[in-house]
$ cat start.txt   # compact mmCIF, C-alpha atoms
# COMPACT_ATOMS: atom_id res chain seq x y z
CA MET Q 1 39.04 29.50 -25.24
CA LYS Q 2 37.07 28.31 -28.27
CA ALA Q 3 36.99 29.87 -31.72
CA ASN Q 4 33.80 31.72 -32.61
CA TYR Q 5 33.28 31.73 -36.36
CA LYS Q 6 29.81 33.21 -35.97
CA ASN Q 7 27.06 32.12 -38.34
CA TRP Q 8 26.47 33.12 -41.94
CA MET Q 9 22.88 33.81 -40.91
CA PRO Q 10 23.20 36.43 -38.11
CA LYS Q 11 20.99 36.02 -35.05
CA GLY Q 12 20.13 39.70 -35.28
CA MET Q 13 18.39 39.19 -38.63
CA ILE Q 14 16.33 36.31 -37.25
CA ARG Q 15 15.43 38.35 -34.18
CA GLY Q 16 14.43 41.29 -36.36
CA THR Q 17 12.07 39.27 -38.57
CA LEU Q 18 10.59 37.54 -35.50
CA ILE Q 19 9.83 40.90 -33.89
CA SER Q 20 8.34 42.13 -37.17
CA THR Q 21 6.11 39.05 -37.30
CA ILE Q 22 4.86 39.65 -33.77
CA VAL Q 23 4.20 43.35 -34.41
CA LEU Q 24 2.37 42.64 -37.68
CA CYS Q 25 0.27 39.93 -36.04
CA ALA Q 26 -0.65 42.22 -33.16
CA SER Q 27 -1.55 45.00 -35.58
CA ALA Q 28 -3.73 42.68 -37.66
CA CYS Q 29 -5.59 41.57 -34.54
CA ALA Q 30 -5.98 45.17 -33.37
CA VAL Q 31 -7.61 46.43 -36.60
CA GLY Q 32 -9.49 43.19 -37.22
CA VAL Q 33 -8.59 40.55 -39.78
CA GLY Q 34 -11.94 41.05 -41.46
CA THR Q 35 -10.99 44.53 -42.66
CA ILE Q 36 -8.96 45.24 -45.79
CA ILE Q 37 -6.09 46.63 -43.74
CA GLY Q 38 -6.32 43.64 -41.42
CA LYS Q 39 -6.12 41.21 -44.34
CA VAL Q 40 -3.08 43.01 -45.70
CA LEU Q 41 -1.41 42.91 -42.30
CA LEU Q 42 -2.29 39.21 -41.94
CA ALA Q 43 -0.68 38.46 -45.32
CA LEU Q 44 2.43 40.38 -44.28
CA THR Q 45 2.43 38.47 -40.98
CA ILE Q 46 2.46 35.15 -42.82
CA LEU Q 47 5.25 36.26 -45.15
CA SER Q 48 7.30 37.53 -42.21
CA ALA Q 49 6.71 34.27 -40.31
CA LEU Q 50 7.86 32.21 -43.30
CA MET Q 51 10.97 34.37 -43.62
CA THR Q 52 11.71 33.86 -39.93
CA ILE Q 53 11.40 30.09 -40.27
CA TRP Q 54 13.63 30.10 -43.36
CA MET Q 55 16.30 32.14 -41.56
CA PHE Q 56 16.16 29.83 -38.53
CA LEU Q 57 16.63 26.74 -40.73
CA MET Q 58 19.56 28.46 -42.46
CA TYR Q 59 21.09 29.31 -39.08
CA ARG Q 60 20.74 25.72 -37.92
CA ALA Q 61 22.32 24.32 -41.10
CA PHE Q 62 25.26 26.74 -41.01
CA SER Q 63 25.98 26.43 -37.28
CA TYR Q 64 29.43 25.10 -36.41
CA ASN Q 65 27.88 23.52 -33.31
CA GLY Q 66 24.92 21.84 -35.02
CA THR Q 67 24.61 18.47 -36.72
CA ARG Q 68 24.68 19.66 -40.36
CA GLN Q 69 27.67 22.04 -40.07
CA MET Q 70 27.53 23.03 -43.74
CA SER Q 71 29.80 26.04 -43.17
CA LYS Q 72 32.50 23.84 -41.68
CA GLN Q 73 32.19 21.32 -44.51
CA ILE Q 74 32.58 24.07 -47.12
CA ILE Q 75 35.55 25.65 -45.34
CA GLU Q 76 37.35 22.31 -45.03
CA GLY Q 77 36.57 21.49 -48.64
CA VAL Q 78 37.78 24.77 -50.12
CA SER Q 79 40.93 24.86 -47.98
CA SER Q 80 41.93 21.40 -49.18
CA TYR Q 81 42.65 22.93 -52.61
CA VAL Q 82 44.89 25.69 -51.24
CA LYS Q 83 48.51 24.61 -51.64
CA ILE Q 84 51.28 26.98 -50.50
CA PRO Q 85 55.01 26.17 -50.65
CA ASP Q 86 57.07 26.37 -47.47
CA GLY Q 87 57.83 30.00 -46.74
CA GLY Q 88 55.10 31.15 -49.12
CA VAL Q 89 52.15 33.47 -48.51
CA GLY Q 90 48.46 33.01 -49.30
CA LEU Q 91 45.60 35.52 -49.40
CA ASP Q 92 42.02 34.93 -48.27
CA VAL Q 93 39.76 37.63 -49.74
CA GLY Q 94 36.73 38.51 -47.61
CA CYS Q 95 37.89 36.46 -44.63
CA GLY Q 96 34.95 37.40 -42.36
CA SER Q 97 35.63 35.58 -39.09
CA ALA Q 98 38.79 33.93 -40.49
CA ALA Q 99 37.45 30.38 -40.74
CA LEU Q 100 38.94 29.80 -44.20
CA THR Q 101 42.13 31.74 -43.44
CA ILE Q 102 42.79 29.60 -40.38
CA ALA Q 103 41.90 26.34 -42.15
CA CYS Q 104 44.39 27.17 -44.92
CA ALA Q 105 47.03 28.14 -42.36
CA LYS Q 106 46.58 24.80 -40.60
CA LYS Q 107 46.95 22.86 -43.84
CA ASN Q 108 50.05 24.88 -44.77
CA PRO Q 109 51.85 25.28 -41.41
CA LYS Q 110 55.17 26.35 -42.95
CA ALA Q 111 53.54 29.11 -44.98
CA ARG Q 112 51.67 32.26 -43.97
CA MET Q 113 48.08 33.32 -44.64
CA ILE Q 114 46.78 36.88 -44.85
CA GLY Q 115 43.07 37.37 -44.22
CA MET Q 116 41.55 40.52 -45.72
CA ASP Q 117 38.08 41.95 -45.31
CA ARG Q 118 36.25 45.29 -45.30
CA TRP Q 119 34.23 44.21 -42.20
CA GLY Q 120 31.37 46.55 -43.13
CA LYS Q 121 28.44 47.68 -41.01
CA GLU Q 122 26.19 45.02 -42.51
CA TYR Q 123 28.46 42.42 -40.91
CA ALA Q 124 29.13 44.27 -37.68
CA SER Q 125 29.71 41.06 -35.69
CA PHE Q 126 32.77 40.26 -37.84
CA SER Q 127 36.00 42.14 -37.22
CA LYS Q 128 39.78 42.03 -37.31
CA ASN Q 129 39.82 41.47 -33.54
CA LEU Q 130 37.48 38.49 -33.93
CA CYS Q 131 39.78 36.99 -36.58
CA GLU Q 132 42.83 37.40 -34.36
CA SER Q 133 40.97 35.89 -31.39
CA ASN Q 134 39.91 32.89 -33.45
CA ALA Q 135 43.46 32.32 -34.69
CA SER Q 136 44.69 32.45 -31.10
CA ALA Q 137 41.95 30.06 -29.97
CA GLU Q 138 42.94 27.61 -32.71
CA GLY Q 139 46.62 27.87 -31.75
CA VAL Q 140 47.50 29.25 -35.19
CA SER Q 141 50.33 31.76 -35.40
CA ASN Q 142 50.95 31.91 -39.17
CA THR Q 143 48.10 34.32 -39.93
CA THR Q 144 47.74 38.09 -40.15
CA PHE Q 145 44.67 40.17 -40.87
CA GLN Q 146 44.06 43.52 -42.48
CA GLN Q 147 41.27 45.66 -43.87
CA GLY Q 148 40.88 46.01 -47.62
CA ASP Q 149 38.60 46.16 -50.64
CA ALA Q 150 38.18 43.13 -52.89
CA VAL Q 151 37.36 45.34 -55.87
CA LYS Q 152 40.73 47.09 -55.63
CA LEU Q 153 43.25 45.04 -53.69
CA ASP Q 154 46.10 46.87 -52.00
CA PHE Q 155 48.67 44.37 -53.24
CA GLY Q 156 51.00 44.32 -56.23
CA ASP Q 157 50.87 41.90 -59.13
CA GLU Q 158 52.10 38.37 -58.40
CA THR Q 159 52.37 38.85 -54.64
CA PHE Q 160 50.88 35.58 -53.39
CA ASP Q 161 51.54 31.87 -53.81
CA ALA Q 162 47.82 31.12 -53.40
CA VAL Q 163 44.56 33.07 -53.33
CA THR Q 164 41.22 31.90 -52.03
CA SER Q 165 37.77 33.17 -51.15
CA ASN Q 166 34.42 31.77 -50.05
CA TYR Q 167 30.96 33.23 -50.73
CA VAL Q 168 32.22 36.81 -51.03
CA TYR Q 169 31.96 38.32 -54.51
CA HIS Q 170 28.22 37.75 -55.00
CA ASN Q 171 27.68 40.15 -52.07
CA ILE Q 172 29.51 42.94 -53.90
CA PRO Q 173 27.23 45.12 -56.08
CA SER Q 174 28.76 44.79 -59.53
CA LYS Q 175 27.83 44.32 -63.17
CA ASP Q 176 31.10 42.47 -63.81
CA ARG Q 177 32.07 40.00 -61.11
CA GLN Q 178 34.45 38.32 -63.51
CA ALA Q 179 36.49 41.52 -63.30
CA ILE Q 180 36.62 41.09 -59.51
CA LEU Q 181 37.94 37.56 -60.02
CA LEU Q 182 40.64 38.90 -62.32
CA GLU Q 183 41.56 41.50 -59.70
CA THR Q 184 42.12 38.71 -57.19
CA LEU Q 185 44.03 36.56 -59.67
CA ARG Q 186 46.20 39.55 -60.58
CA THR Q 187 47.91 39.18 -57.20
CA LEU Q 188 48.74 35.51 -57.76
CA LYS Q 189 52.31 34.50 -58.61
CA LYS Q 190 53.14 32.45 -61.67
CA GLY Q 191 52.74 28.84 -60.59
CA GLY Q 192 50.45 29.80 -57.69
CA THR Q 193 47.15 28.07 -56.99
CA PHE Q 194 43.66 29.49 -56.57
CA ALA Q 195 40.45 28.16 -55.04
CA ILE Q 196 37.46 30.50 -55.16
CA HIS Q 197 33.98 29.38 -54.09
CA ASP Q 198 30.88 31.45 -54.73
CA ILE Q 199 27.39 31.49 -56.23
CA MET Q 200 28.59 31.64 -59.82
CA SER Q 201 25.19 31.55 -61.48
CA LYS Q 202 24.84 33.12 -64.91
CA SER Q 203 22.72 35.95 -63.50
CA LYS Q 204 25.48 36.90 -61.06
CA TYR Q 205 28.64 36.06 -63.03
CA GLY Q 206 27.74 35.65 -66.66
CA ASP Q 207 29.19 32.76 -68.68
CA MET Q 208 31.75 31.14 -66.39
CA GLU Q 209 32.66 28.42 -68.90
CA SER Q 210 33.85 31.17 -71.23
CA PHE Q 211 35.69 32.79 -68.34
CA ALA Q 212 37.48 29.53 -67.54
CA ASN Q 213 38.52 29.25 -71.19
CA LYS Q 214 39.69 32.86 -71.08
CA LEU Q 215 41.96 32.03 -68.16
CA LYS Q 216 43.39 29.10 -70.09
CA ASP Q 217 44.05 31.39 -73.06
CA MET Q 218 45.87 33.71 -70.64
CA GLY Q 219 48.19 30.86 -69.66
CA TYR Q 220 46.45 29.55 -66.55
CA GLU Q 221 46.63 25.78 -66.10
CA GLN Q 222 44.31 23.10 -64.70
CA VAL Q 223 41.40 25.53 -64.60
CA ARG Q 224 38.25 23.76 -63.42
CA LEU Q 225 34.73 24.71 -62.45
CA ILE Q 226 33.32 22.30 -59.88
CA ASP Q 227 29.60 22.23 -59.07
CA THR Q 228 29.43 22.04 -55.27
CA THR Q 229 25.64 21.60 -55.14
CA ASN Q 230 25.69 18.03 -56.37
CA GLY Q 231 26.71 16.38 -53.12
CA MET Q 232 30.16 17.90 -52.72
CA PHE Q 233 29.14 20.50 -50.12
CA MET Q 234 25.35 20.32 -50.34
CA SER Q 235 22.51 18.62 -52.18
CA LYS Q 236 20.57 20.22 -55.02
CA TRP Q 237 17.59 20.49 -52.70
CA GLU Q 238 19.59 22.26 -50.01
CA ALA Q 239 21.07 24.65 -52.56
CA SER Q 240 17.59 25.41 -53.86
CA TRP Q 241 15.82 26.27 -50.62
CA MET Q 242 18.87 28.04 -49.19
CA GLY Q 243 19.27 30.27 -52.24
CA LEU Q 244 22.71 28.81 -53.00
CA SER Q 245 21.98 27.38 -56.43
CA GLY Q 246 24.91 27.98 -58.73
CA SER Q 247 27.50 27.44 -55.99
CA THR Q 248 30.71 26.63 -57.82
CA LEU Q 249 34.36 26.14 -56.93
CA LEU Q 250 36.83 27.70 -59.37
CA ILE Q 251 40.28 26.15 -59.02
CA GLY Q 252 43.47 26.12 -60.98
CA THR Q 253 47.10 27.21 -61.31
CA LYS Q 254 48.47 30.40 -62.80
$ encode --input "start.txt" --output "structure tokens"
Amino acid sequence: MKANYKNWMPKGMIRGTLISTIVLCASACAVGVGTIIGKVLLALTILSALMTIWMFLMYRAFSYNGTRQMSKQIIEGVSSYVKIPDGGVGLDVGCGSAALTIACAKKNPKARMIGMDRWGKEYASFSKNLCESNASAEGVSNTTFQQGDAVKLDFGDETFDAVTSNYVYHNIPSKDRQAILLETLRTLKKGGTFAIHDIMSKSKYGDMESFANKLKDMGYEQVRLIDTTNGMFMSKWEASWMGLSGSTLLIGTK
């Protein structure tokens, strides 16, 4: 049995845009590309075809079975910053298919990791059962999984020895994603570590340098913002065409 971490670019989305491209092309041919409607349909066909190609290239880059394996590189990179003492517990917010949860559990075999996700309809291929199956396939027994909401975590203050997350919060509709970060950090014990990776562009997160300084003023230590688009996980060019510009790793100790 092999773990199936899925792909951050679902096949269903690629299939949907491909079908749309074919339908639009057929419609343009049916009405005639020389007509106004035909020209509009042809333009939409081209846009749909370009979107399909972009999604396919994303799928290929993210694939755990391909040559680029960007997803795997990011997961391994983020998990390397997650340090949990023996007997401790870590939380992975928005665990998806449990790739990061399991990677952290492997690196901290004498600790326990909890993977939490809402597993919404928009990510129907991800589920608690999938996470548990992947943990079993990887031979990892120090993980548990549960449903929850990142905006309002069902955990008390200072519950965990480490908290982590990867490409989650930018997907949550919010005018204040820094508040979501604080909600996650609320559950971190004094002395605990955090490693949170996301698209922390100014448009999505606001001024993250000020936020890092705010954490320091609150007593957090070793707070760092690491640009992961400068060769750490991807190149600037990759980040640009993939829509991942602003990808940043926020790490530190409470």
$ closest_residue --input "start.txt" --among "Q:Ser125, Q:Asn134, Q:Ser240, Q:Ser141" --to "Asn4 (chain Q)" --atoms "all atoms listed in the file"
Q:Asn134
$ closest_atom_pairs --input "start.txt" --of "region 60-132 of chain Q" --to "region 189-200 of chain Q" --cutoff "8 Å" --atoms "all atoms listed in the file" --output "JSON lines"
{"residue": "Q:Val78", "atom": "CA", "partner": "Q:Ala195", "partner_atom": "CA", "distance": 6.5}
{"residue": "Q:Ser79", "atom": "CA", "partner": "Q:Ala195", "partner_atom": "CA", "distance": 7.8}
{"residue": "Q:Tyr81", "atom": "CA", "partner": "Q:Ala195", "partner_atom": "CA", "distance": 6.2}
{"residue": "Q:Val82", "atom": "CA", "partner": "Q:Ala195", "partner_atom": "CA", "distance": 6.3}
{"residue": "Q:Lys83", "atom": "CA", "partner": "Q:Thr193", "partner_atom": "CA", "distance": 6.5}
{"residue": "Q:Ile84", "atom": "CA", "partner": "Q:Gly192", "partner_atom": "CA", "distance": 7.8}
$ atom_distance --input "start.txt" --atom1 "CA of Lys202 (chain Q)" --atom2 "CA of Ser97 (chain Q)"
28.1 Å
$ residues_around --input "start.txt" --residues "Ala111 (chain Q)" --least-positions-apart "2" --cutoff "12 Å" --atoms "all atoms listed in the file" --output "number ranges by chain"
Q: 82-91, 101-102, 104-109, 113-114, 140-144, 160-162
$ atom_distance --input "start.txt" --atom1 "CA of Thr253 (chain Q)" --atom2 "CA of Thr184 (chain Q)"
13.2 Å
$ atom_distance --input "start.txt" --atom1 "CA of Thr229 (chain Q)" --atom2 "CA of Ile14 (chain Q)"
25.0 Å
$ residues_around --input "start.txt" --residues "Leu182 (chain Q)" --least-positions-apart "3" --cutoff "12 Å" --atoms "all atoms listed in the file" --output "PyMOL selection string"
chain Q and resi 150-153+157+163+169+176-179+185-188+194+196+211-212+214-215+218+220+254
$ closest_residue --input "start.txt" --among "Q:Thr45, Q:Tyr123, Q:Ile74, Q:Lys39" --to "Gly12 (chain Q)" --atoms "only C-alpha atoms"
Q:Tyr123
$ closest_residue --input "start.txt" --among "Q:Gly246, Q:Pro10, Q:Gly231, Q:Pro173" --to "Met208 (chain Q)" --atoms "all atoms listed in the file"
Q:Gly246
$ closest_residue --input "start.txt" --among "Q:Thr17, Q:Ile180, Q:Gln73, Q:Asn166" --to "Ile46 (chain Q)" --atoms "all atoms listed in the file"
Q:Thr17
$ closest_residue --input "start.txt" --among "Q:Leu18, Q:Val23, Q:Leu42, Q:Met13" --to "Ala124 (chain Q)" --atoms "all atoms listed in the file"
Q:Met13
$ residues_around --input "start.txt" --residues "Gly115 (chain Q)" --least-positions-apart "5" --cutoff "10 Å" --atoms "only C-alpha atoms" --output "PDB file with C-alpha atoms, in the coordinates of the input"
ATOM      1  CA  GLY Q  90      48.460  33.010 -49.300  1.00  0.00           C
ATOM      2  CA  LEU Q  91      45.600  35.520 -49.400  1.00  0.00           C
ATOM      3  CA  ASP Q  92      42.020  34.930 -48.270  1.00  0.00           C
ATOM      4  CA  VAL Q  93      39.760  37.630 -49.740  1.00  0.00           C
ATOM      5  CA  GLY Q  94      36.730  38.510 -47.610  1.00  0.00           C
ATOM      6  CA  CYS Q  95      37.890  36.460 -44.630  1.00  0.00           C
ATOM      7  CA  GLY Q  96      34.950  37.400 -42.360  1.00  0.00           C
ATOM      8  CA  SER Q  97      35.630  35.580 -39.090  1.00  0.00           C
ATOM      9  CA  ALA Q  98      38.790  33.930 -40.490  1.00  0.00           C
ATOM     10  CA  ALA Q  99      37.450  30.380 -40.740  1.00  0.00           C
ATOM     11  CA  LEU Q 100      38.940  29.800 -44.200  1.00  0.00           C
ATOM     12  CA  THR Q 101      42.130  31.740 -43.440  1.00  0.00           C
ATOM     13  CA  ILE Q 102      42.790  29.600 -40.380  1.00  0.00           C
ATOM     14  CA  LYS Q 128      39.780  42.030 -37.310  1.00  0.00           C
ATOM     15  CA  CYS Q 131      39.780  36.990 -36.580  1.00  0.00           C
ATOM     16  CA  GLU Q 132      42.830  37.400 -34.360  1.00  0.00           C
ATOM     17  CA  THR Q 143      48.100  34.320 -39.930  1.00  0.00           C
ATOM     18  CA  THR Q 144      47.740  38.090 -40.150  1.00  0.00           C
ATOM     19  CA  PHE Q 145      44.670  40.170 -40.870  1.00  0.00           C
ATOM     20  CA  GLN Q 146      44.060  43.520 -42.480  1.00  0.00           C
ATOM     21  CA  GLN Q 147      41.270  45.660 -43.870  1.00  0.00           C
ATOM     22  CA  GLY Q 148      40.880  46.010 -47.620  1.00  0.00           C
ATOM     23  CA  THR Q 164      41.220  31.900 -52.030  1.00  0.00           C
ATOM     24  CA  SER Q 165      37.770  33.170 -51.150  1.00  0.00           C
TER      25      SER Q 165
END
$ closest_residue --input "start.txt" --among "Q:Asn230, Q:Ser63, Q:Ala103, Q:Met1" --to "Ser80 (chain Q)" --atoms "only C-alpha atoms"
Q:Ala103
$ residues_around --input "start.txt" --residues "Met51 (chain Q)" --least-positions-apart "3" --cutoff "12 Å" --atoms "only C-alpha atoms" --output "list in words"
Met13, Ile14, Arg15, Gly16, Thr17, Leu18, Ile19, Ser20, Thr21, Leu44, Thr45, Ile46, Leu47, Ser48, Trp54, Met55, Phe56, Leu57, Met58, Trp241 and Met242 of chain Q
$ build_atoms --input "start.txt" --residues "region 119-130 of chain Q" --atoms "N, CA, C and O atoms" --output "short mmCIF file (atom, residue, chain, number, x, y, z; two decimals), in the coordinates of the input"
data_model
loop_
_atom_site.label_atom_id
_atom_site.label_comp_id
_atom_site.auth_asym_id
_atom_site.auth_seq_id
_atom_site.Cartn_x
_atom_site.Cartn_y
_atom_site.Cartn_z
N TRP Q 119 34.97 44.24 -43.47
CA TRP Q 119 34.23 44.21 -42.20
C TRP Q 119 33.25 45.38 -42.11
O TRP Q 119 33.30 46.20 -41.19
N GLY Q 120 32.33 45.45 -43.07
CA GLY Q 120 31.37 46.55 -43.13
C GLY Q 120 30.29 46.50 -42.06
O GLY Q 120 30.18 45.52 -41.30
N LYS Q 121 29.50 47.55 -42.02
CA LYS Q 121 28.44 47.68 -41.01
C LYS Q 121 27.41 46.57 -41.11
O LYS Q 121 26.82 46.17 -40.10
N GLU Q 122 27.18 46.07 -42.34
CA GLU Q 122 26.19 45.02 -42.51
C GLU Q 122 26.64 43.70 -41.90
O GLU Q 122 25.84 42.78 -41.72
N TYR Q 123 27.93 43.60 -41.59
CA TYR Q 123 28.46 42.42 -40.91
C TYR Q 123 29.21 42.88 -39.66
O TYR Q 123 30.39 42.56 -39.47
N ALA Q 124 28.51 43.62 -38.84
CA ALA Q 124 29.13 44.27 -37.68
C ALA Q 124 29.71 43.27 -36.67
O ALA Q 124 30.61 43.62 -35.90
N SER Q 125 29.21 42.04 -36.66
CA SER Q 125 29.71 41.06 -35.69
C SER Q 125 31.05 40.46 -36.12
O SER Q 125 31.70 39.76 -35.33
N PHE Q 126 31.48 40.74 -37.36
CA PHE Q 126 32.77 40.26 -37.84
C PHE Q 126 33.78 41.40 -37.77
O PHE Q 126 33.46 42.54 -38.08
N SER Q 127 34.98 41.09 -37.39
CA SER Q 127 36.00 42.14 -37.22
C SER Q 127 37.40 41.55 -37.25
O SER Q 127 37.58 40.33 -37.15
N LYS Q 128 38.38 42.44 -37.36
CA LYS Q 128 39.78 42.03 -37.31
C LYS Q 128 40.09 41.41 -35.95
O LYS Q 128 40.78 40.38 -35.87
N ASN Q 129 39.58 42.00 -34.89
CA ASN Q 129 39.82 41.47 -33.54
C ASN Q 129 39.26 40.06 -33.40
O ASN Q 129 39.88 39.19 -32.77
N LEU Q 130 38.08 39.83 -33.99
CA LEU Q 130 37.48 38.49 -33.93
C LEU Q 130 38.38 37.49 -34.66
O LEU Q 130 38.61 36.38 -34.16
#
